[in-house]
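Student: Below is the file start.txt, which contains compact mmCIF, C-alpha atoms.
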# COMPACT_ATOMS: atom_id res chain seq x y z
CA MET B 1 127.64 -16.67 -64.74
CA PRO B 2 124.03 -15.46 -65.15
CA LEU B 3 124.33 -12.86 -62.37
CA LEU B 4 127.28 -10.48 -62.21
CA PHE B 5 128.04 -9.09 -58.75
CA GLY B 6 129.47 -5.71 -57.89
CA THR B 7 129.34 -2.64 -55.68
CA ALA B 8 127.38 0.60 -55.57
CA GLY B 9 130.32 2.94 -55.92
CA VAL B 10 134.09 2.55 -55.77
CA PRO B 11 135.04 -0.35 -53.44
CA LEU B 12 136.10 0.82 -50.00
CA SER B 13 139.44 -0.98 -50.33
CA SER B 14 140.39 0.89 -53.50
CA THR B 15 143.40 3.15 -52.84
CA ASP B 16 142.61 5.00 -56.07
CA ARG B 17 139.22 6.60 -55.32
CA SER B 18 138.50 7.55 -58.92
CA SER B 19 135.90 5.72 -61.00
CA GLU B 20 138.71 4.31 -63.14
CA GLY B 21 140.50 3.09 -60.02
CA GLY B 22 137.26 1.52 -58.86
CA VAL B 23 136.96 -0.45 -62.09
CA HIS B 24 140.45 -1.91 -61.66
CA ARG B 25 139.79 -2.73 -57.99
CA ILE B 26 136.57 -4.56 -58.91
CA ARG B 27 138.60 -6.80 -61.19
CA GLU B 28 141.25 -7.38 -58.48
CA LEU B 29 138.46 -8.50 -56.15
CA ASN B 30 137.18 -10.93 -58.79
CA LEU B 31 133.83 -9.15 -58.96
CA SER B 32 132.27 -8.28 -62.30
CA ALA B 33 130.16 -5.11 -61.99
CA LEU B 34 130.29 -1.53 -60.76
CA GLU B 35 127.48 0.96 -60.38
CA LEU B 36 128.79 4.51 -60.73
CA GLU B 37 127.07 6.75 -58.20
CA PHE B 38 126.11 10.14 -59.60
CA VAL B 39 123.69 10.65 -56.71
CA GLN B 40 124.95 14.15 -55.85
CA GLY B 41 125.12 15.17 -59.51
CA VAL B 42 126.83 14.07 -62.71
CA ARG B 43 130.36 15.36 -62.22
CA MET B 44 132.08 13.56 -65.04
CA GLY B 45 133.02 15.03 -68.40
CA GLU B 46 133.15 13.29 -71.75
CA GLU B 47 136.91 12.67 -71.77
CA LYS B 48 136.84 11.15 -68.31
CA ALA B 49 133.85 9.00 -69.29
CA LYS B 50 135.76 7.67 -72.29
CA LYS B 51 138.69 6.67 -70.06
CA VAL B 52 136.46 4.95 -67.50
CA GLY B 53 134.54 3.18 -70.24
CA ALA B 54 137.79 1.99 -71.83
CA ALA B 55 139.02 0.66 -68.47
CA ALA B 56 135.74 -1.22 -67.94
CA LYS B 57 135.98 -2.75 -71.39
CA GLU B 58 139.61 -3.75 -70.81
CA GLU B 59 138.79 -5.34 -67.43
CA ASN B 60 135.48 -6.84 -68.66
CA ILE B 61 133.50 -5.05 -65.96
CA ALA B 62 129.80 -4.32 -66.50
CA LEU B 63 128.88 -0.74 -65.60
CA SER B 64 125.63 0.88 -64.55
CA CYS B 65 124.93 4.40 -63.24
CA HIS B 66 122.72 5.81 -60.52
CA ALA B 67 121.25 9.19 -61.46
CA PRO B 68 121.07 12.08 -58.94
CA TYR B 69 118.76 11.74 -55.96
CA TYR B 70 117.11 15.09 -56.76
CA ILE B 71 114.50 13.63 -59.11
CA ASN B 72 110.77 13.96 -58.56
CA LEU B 73 108.61 13.54 -61.63
CA ASN B 74 105.53 14.26 -59.50
CA SER B 75 106.72 17.60 -58.13
CA ARG B 76 104.24 20.41 -57.58
CA ASP B 77 106.79 22.75 -59.19
CA PRO B 78 106.97 22.53 -63.02
CA GLU B 79 110.57 23.78 -62.93
CA LYS B 80 111.55 20.88 -60.67
CA ILE B 81 109.93 18.42 -63.06
CA THR B 82 111.91 19.91 -65.94
CA ALA B 83 115.08 19.73 -63.86
CA SER B 84 114.30 16.10 -62.99
CA ARG B 85 113.96 15.19 -66.66
CA GLU B 86 117.23 16.95 -67.43
CA ARG B 87 119.07 15.07 -64.69
CA ILE B 88 117.97 11.74 -66.15
CA ILE B 89 118.88 12.85 -69.68
CA HIS B 90 122.29 14.14 -68.58
CA THR B 91 123.04 10.86 -66.79
CA ALA B 92 121.96 8.88 -69.86
CA ARG B 93 124.21 10.94 -72.14
CA ILE B 94 127.28 10.32 -69.98
CA SER B 95 126.21 6.67 -69.62
CA GLN B 96 126.25 6.18 -73.37
CA ILE B 97 129.84 7.44 -73.52
CA LEU B 98 130.77 5.17 -70.61
CA GLY B 99 129.26 2.13 -72.30
CA VAL B 100 126.69 1.83 -69.50
CA ARG B 101 123.50 -0.06 -70.32
CA SER B 102 121.30 1.08 -67.41
CA VAL B 103 120.55 4.33 -65.55
CA ILE B 104 118.96 3.82 -62.13
CA PHE B 105 116.82 6.51 -60.48
CA HIS B 106 114.12 7.10 -57.87
CA PRO B 107 111.13 8.30 -59.91
CA ALA B 108 108.85 10.33 -57.64
CA PHE B 109 107.24 11.14 -54.31
CA ASN B 110 103.52 10.54 -53.87
CA HIS B 111 102.53 13.85 -52.16
CA ASP B 112 99.24 12.22 -51.06
CA ASP B 113 98.25 11.64 -54.68
CA LEU B 114 96.66 8.37 -55.76
CA SER B 115 99.01 5.81 -57.27
CA GLU B 116 97.30 5.99 -60.67
CA VAL B 117 97.69 9.77 -60.75
CA VAL B 118 101.40 9.60 -59.98
CA LEU B 119 101.86 6.75 -62.46
CA GLU B 120 100.26 8.79 -65.23
CA ARG B 121 102.57 11.74 -64.53
CA VAL B 122 105.71 9.59 -64.30
CA VAL B 123 104.83 7.81 -67.55
CA ARG B 124 104.22 11.13 -69.28
CA GLU B 125 107.53 12.62 -68.16
CA LEU B 126 109.58 9.50 -68.90
CA THR B 127 108.03 9.30 -72.36
CA ILE B 128 109.38 12.79 -73.01
CA VAL B 129 112.80 11.70 -71.73
CA ARG B 130 112.79 8.61 -73.93
CA GLU B 131 111.76 10.58 -77.01
CA THR B 132 114.57 13.08 -76.37
CA LEU B 133 117.15 10.30 -76.02
CA ALA B 134 115.83 8.39 -79.03
CA ALA B 135 116.25 11.49 -81.19
CA GLU B 136 119.93 11.45 -80.18
CA GLY B 137 120.35 7.74 -80.89
CA ASN B 138 120.72 6.99 -77.18
CA ASP B 139 119.27 3.58 -76.23
CA VAL B 140 120.52 3.41 -72.62
CA LEU B 141 117.89 1.68 -70.48
CA LEU B 142 116.11 3.75 -67.83
CA ARG B 143 115.44 1.86 -64.60
CA PRO B 144 113.10 3.31 -61.98
CA GLU B 145 113.99 1.71 -58.66
CA THR B 146 111.62 0.12 -56.17
CA THR B 147 111.70 2.44 -53.19
CA GLY B 148 111.98 1.90 -49.43
CA LYS B 149 109.25 4.16 -48.01
CA GLY B 150 105.53 4.44 -48.57
CA THR B 151 105.90 8.19 -49.22
CA GLN B 152 107.96 7.35 -52.30
CA PHE B 153 106.31 6.18 -55.49
CA GLY B 154 107.71 2.81 -56.50
CA ASP B 155 106.38 -0.42 -55.06
CA LEU B 156 106.86 -3.49 -57.26
CA SER B 157 103.60 -3.24 -59.21
CA GLU B 158 104.04 0.50 -59.83
CA THR B 159 107.57 -0.01 -61.09
CA ILE B 160 106.48 -2.82 -63.41
CA ARG B 161 103.66 -0.65 -64.76
CA ILE B 162 106.11 2.08 -65.75
CA ALA B 163 108.15 -0.49 -67.71
CA GLN B 164 105.00 -1.74 -69.43
CA GLU B 165 103.95 1.77 -70.43
CA VAL B 166 107.24 3.29 -71.60
CA PRO B 167 109.59 1.66 -74.16
CA GLY B 168 113.22 1.47 -73.10
CA VAL B 169 112.34 1.18 -69.40
CA LEU B 170 112.94 -1.80 -67.10
CA PRO B 171 112.79 -2.02 -63.29
CA CYS B 172 115.65 -1.88 -60.85
CA ILE B 173 114.41 -4.17 -58.09
CA ASP B 174 115.82 -3.24 -54.71
CA PHE B 175 114.90 -6.26 -52.61
CA SER B 176 115.94 -4.57 -49.39
CA HIS B 177 113.67 -1.62 -50.14
CA LEU B 178 110.72 -3.94 -50.76
CA HIS B 179 111.48 -5.68 -47.47
CA ALA B 180 111.63 -2.35 -45.64
CA ARG B 181 108.57 -0.64 -47.13
CA THR B 182 106.41 -3.63 -46.11
CA ASN B 183 107.85 -3.64 -42.56
CA GLY B 184 109.50 -7.05 -42.84
CA ARG B 185 107.67 -8.91 -45.59
CA HIS B 186 109.32 -10.06 -48.85
CA ASN B 187 112.01 -11.97 -47.00
CA THR B 188 111.51 -15.69 -47.72
CA TYR B 189 112.33 -17.93 -50.64
CA ASP B 190 108.66 -18.12 -51.65
CA GLU B 191 108.22 -14.36 -51.41
CA PHE B 192 111.37 -13.71 -53.44
CA CYS B 193 110.13 -16.19 -56.05
CA ALA B 194 106.79 -14.36 -56.14
CA ILE B 195 108.59 -11.07 -56.87
CA LEU B 196 110.61 -12.64 -59.66
CA ASP B 197 107.58 -14.45 -61.07
CA GLU B 198 105.39 -11.34 -61.12
CA THR B 199 108.06 -9.34 -62.92
CA ALA B 200 108.87 -12.14 -65.38
CA GLN B 201 105.18 -12.71 -66.18
CA SER B 202 104.69 -8.97 -66.75
CA LEU B 203 107.83 -8.15 -68.75
CA GLY B 204 109.05 -11.45 -70.20
CA ASP B 205 112.53 -12.33 -71.40
CA ARG B 206 113.54 -8.72 -72.01
CA TRP B 207 113.68 -8.44 -68.21
CA VAL B 208 114.62 -12.04 -67.27
CA LYS B 209 117.74 -11.80 -69.44
CA ASN B 210 118.62 -8.29 -68.24
CA VAL B 211 117.82 -7.73 -64.57
CA HIS B 212 119.29 -5.12 -62.27
CA PHE B 213 119.09 -5.73 -58.52
CA HIS B 214 120.10 -3.75 -55.42
CA ILE B 215 120.79 -5.84 -52.32
CA SER B 216 121.90 -5.00 -48.77
CA GLY B 217 121.01 -5.46 -45.17
CA ILE B 218 118.50 -2.86 -44.04
CA GLU B 219 117.05 -1.29 -40.91
CA TYR B 220 113.39 -0.32 -41.11
CA GLY B 221 110.40 0.78 -39.08
CA LEU B 222 106.69 1.38 -39.57
CA LYS B 223 107.44 4.08 -42.16
CA GLY B 224 109.89 1.90 -44.06
CA GLU B 225 113.60 2.23 -44.74
CA LYS B 226 115.90 3.82 -42.16
CA ARG B 227 119.43 2.86 -43.27
CA HIS B 228 121.47 0.17 -44.98
CA LEU B 229 123.14 -2.47 -42.83
CA VAL B 230 125.77 -5.17 -43.28
CA LEU B 231 123.95 -8.31 -44.46
CA GLN B 232 124.92 -10.48 -41.51
CA GLU B 233 123.90 -7.74 -39.04
CA SER B 234 120.38 -7.58 -40.49
CA ASP B 235 117.37 -9.86 -40.78
CA PHE B 236 117.55 -9.95 -44.59
CA ARG B 237 117.60 -13.55 -45.84
CA TYR B 238 120.06 -13.14 -48.68
CA GLU B 239 120.71 -16.88 -48.97
CA GLU B 240 117.06 -17.46 -49.86
CA LEU B 241 117.18 -14.60 -52.37
CA MET B 242 120.19 -16.15 -54.08
CA LYS B 243 118.38 -19.48 -54.21
CA ALA B 244 115.36 -17.80 -55.85
CA CYS B 245 117.63 -16.13 -58.42
CA ARG B 246 119.12 -19.52 -59.25
CA THR B 247 115.67 -21.07 -59.56
CA PHE B 248 114.52 -18.44 -62.06
CA GLY B 249 117.80 -18.29 -63.98
CA VAL B 250 117.74 -14.51 -64.19
CA GLU B 251 120.68 -12.79 -65.88
CA GLY B 252 122.11 -9.33 -65.26
CA LEU B 253 123.63 -7.31 -62.42
CA ALA B 254 123.35 -7.68 -58.65
CA ILE B 255 124.71 -4.55 -56.98
CA CYS B 256 125.52 -4.50 -53.26
CA GLU B 257 124.68 -1.37 -51.27
CA SER B 258 125.75 -2.59 -47.81
CA PRO B 259 128.03 -0.31 -45.75
CA ASN B 260 130.88 -2.79 -46.24
CA LEU B 261 130.28 -2.83 -50.04
CA GLU B 262 132.76 -5.37 -51.47
CA GLU B 263 132.65 -7.70 -48.47
CA ASP B 264 128.92 -8.25 -48.87
CA ALA B 265 129.19 -8.26 -52.68
CA LEU B 266 131.67 -11.12 -52.38
CA LEU B 267 129.44 -12.84 -49.81
CA LEU B 268 126.50 -12.67 -52.22
CA GLN B 269 128.63 -13.96 -55.08
CA GLN B 270 130.01 -16.83 -53.01
CA THR B 271 126.53 -17.76 -51.79
CA TYR B 272 125.20 -17.72 -55.34
CA LEU B 273 128.06 -19.80 -56.78
CA ALA B 274 127.81 -22.39 -53.99
CA LEU B 275 124.27 -23.20 -55.19
CA GLY B 276 125.79 -24.77 -58.34
Write out the structure in this file as structure tokens.
Tutor:
Amino acid sequence: MPLLFGTAGVPLSSTDRSSEGGVHRIRELNLSALELEFVQGVRMGEEKAKKVGAAAKEENIALSCHAPYYINLNSRDPEKITASRERIIHTARISQILGVRSVIFHPAFNHDDLSEVVLERVVRELTIVRETLAAEGNDVLLRPETTGKGTQFGDLSETIRIAQEVPGVLPCIDFSHLHARTNGRHNTYDEFCAILDETAQSLGDRWVKNVHFHISGIEYGLKGEKRHLVLQESDFRYEELMKACRTFGVEGLAICESPNLEEDALLLQQTYLALG
């Protein structure tokens, strides 16, 4: 199956709330992926990471990780920029032990700076991160995520540009965020195809064969994202997104962030498989 579906965090129905328990529950649900959420900090040691990685290998579950939320590579405070780099590096180090291929993160806030200025700073800081990881033999992919508010750096073109500028970087496309930050656009088959086409044309097979998506229902206003919603309680046209994914034949992970996690992950998977 070109796309592997899973949840952002341990499934809600998992009686064992550990990451290892989450891996086993994902397999019981007949899903194929799990994004480990380190959003409040990386609180997993090396021994635990080895056990979780072994469980994922045994169950044939693809893992990714979301780095802490407290990352801003465009901060006015140099110490916060250093701390942001360290949070990405720390997540990547644990990810390598886990057998994770991708680290997802929100790259920066704009702070009224021009897009090109923020891009230059993000590229500079991520280049330092990549050089640090390369010196350690760590080739985990870094994935800046498309963001849900205009105050956050990370529309589609900005996220693609980072991947073009820094080796070892590919986008995490959050379709719900793109829908929210444009106050309702990016929500038809043609618009989803345009997103996939722009990214494929810019990054080629290295992205087409290794995508990472976030999908959920979403509530939004003039300033963008407000909160995640259950797919069928939102206006997000997930069926048309799945059709676009089939059309383009993209391969990789589709991670559900809806409040009901596994229910919507299974809905997405079923919708995708029904398209043949």
Student: At most 12 Å is the cut-off: for each residue in region 159-219 of chain B with any atom that close to an atom of region 118-131 of chain B, write down the nearest atom pair and the distance in Å rounded to one decimal, counting all atoms listed in the file, chain first then increasing number, as a tab-separated table.
Tutor:
residue	atom	partner	partner_atom	distance
B:Thr159	CA	B:Leu119	CA	9.0
B:Ile160	CA	B:Leu119	CA	10.7
B:Arg161	CA	B:Leu119	CA	8.0
B:Ile162	CA	B:Val123	CA	6.1
B:Ala163	CA	B:Val123	CA	8.9
B:Gln164	CA	B:Val123	CA	9.7
B:Glu165	CA	B:Val123	CA	6.7
B:Val166	CA	B:Thr127	CA	6.1
B:Pro167	CA	B:Arg130	CA	7.7
B:Gly168	CA	B:Arg130	CA	7.2
B:Val169	CA	B:Arg130	CA	8.7
B:Leu170	CA	B:Leu126	CA	11.9
Student: Write out the residues from the selection above, keeping C-alpha atoms, as a compact mmCIF listing (two decimals), in the coordinates of the input.
Tutor:
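Done, and the output landed in out-v1.txt:
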# COMPACT_ATOMS: atom_id res chain seq x y z
CA THR B 159 107.57 -0.01 -61.09
CA ILE B 160 106.48 -2.82 -63.41
CA ARG B 161 103.66 -0.65 -64.76
CA ILE B 162 106.11 2.08 -65.75
CA ALA B 163 108.15 -0.49 -67.71
CA GLN B 164 105.00 -1.74 -69.43
CA GLU B 165 103.95 1.77 -70.43
CA VAL B 166 107.24 3.29 -71.60
CA PRO B 167 109.59 1.66 -74.16
CA GLY B 168 113.22 1.47 -73.10
CA VAL B 169 112.34 1.18 -69.40
CA LEU B 170 112.94 -1.80 -67.10
Student: Quick one: pull the distance between CA of Lys57 (chain B) and CA of Gly252 (chain B), Å, one decimal.
Tutor: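 CA of Lys57 (chain B) sits 16.5 Å away from CA of Gly252 (chain B).
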Student: Counting all atoms listed in the file, select every polymer residue within 6 Å of (120.3, -5.0, -43.6) as defined in the file's coordinates, and provide the selection as a list in words.
Tutor: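 Residues with an atom at most 6 Å from (120.3, -5.0, -43.6): Ser216, Gly217, Ile218, Glu219, His228, Leu229, Val230, Leu231, Ser234 and Phe236 of chain B.
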Student: Excluding same-chain residues fewer than 6 positions from Val42 (chain B), what lies within 9 Å of it counting all atoms listed in the file, as JSON, numbers by chain?
Tutor: {"B": [67, 68, 87, 90, 91, 94]}
Student: Could you check the closest approach to Phe192 (chain B) for each of B:Glu233, B:Glu79, B:Glu225, B:Glu239 and tell me which residue wins, using only C-alpha atoms?
Tutor: B:Glu239
Student: Anything within 10 Å of (120.6, -19.2, -53.1): list those residues as an NGL selection string, counting all atoms listed in the file and sticking to the file's coordinates.
Tutor: :B and (189 or 237-247 or 268-276)
Student: Between CA of Ala62 (chain B) and CA of Leu4 (chain B), what is the distance, to one decimal in Å?
Tutor: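 Calculated distance between CA of Ala62 (chain B) and CA of Leu4 (chain B) is 7.9 Å.
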Student: When you draw a straight line from CA of Arg101 (chain B) to CA of Ser64 (chain B), how long is it in Å?
Tutor: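 A separation of 6.2 Å between them.
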Student: Name the residues in contact with Ile97 (chain B) at a cut-off of 10 Å, using all atoms listed in the file, excluding same-chain residues fewer than 3 positions from it; report them as a tab-separated table (two decimals) with C-alpha atoms, keeping the file's coordinate frame.
Tutor:
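Saved to around-v6.tsv:
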chain	number	residue	atom	x	y	z
B	45	GLY	CA	133.02	15.03	-68.40
B	46	GLU	CA	133.15	13.29	-71.75
B	47	GLU	CA	136.91	12.67	-71.77
B	48	LYS	CA	136.84	11.15	-68.31
B	49	ALA	CA	133.85	9.00	-69.29
B	50	LYS	CA	135.76	7.67	-72.29
B	51	LYS	CA	138.69	6.67	-70.06
B	52	VAL	CA	136.46	4.95	-67.50
B	53	GLY	CA	134.54	3.18	-70.24
B	54	ALA	CA	137.79	1.99	-71.83
B	92	ALA	CA	121.96	8.88	-69.86
B	93	ARG	CA	124.21	10.94	-72.14
B	94	ILE	CA	127.28	10.32	-69.98
B	100	VAL	CA	126.69	1.83	-69.50
B	138	ASN	CA	120.72	6.99	-77.18
Student: Just checking: using only C-alpha atoms, which residue out of B:Val39, B:His111, B:Gln232, B:Ser157 ends up closest to Glu263 (chain B)?
Tutor: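 Ranked by minimum distance to Glu263 (chain B), first place goes to B:Gln232.
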Student: Around all of region 223-232 of chain B's listed atoms, make the axis-aligned box with 4 Å on each side and tell me centre and edge lengths in Å to one decimal, as lines of an AutoDock Vina configuration file.
Tutor:
center_x = 116.6
center_y = -3.2
center_z = -43.2
size_x = 26.3
size_y = 22.6
size_z = 11.5
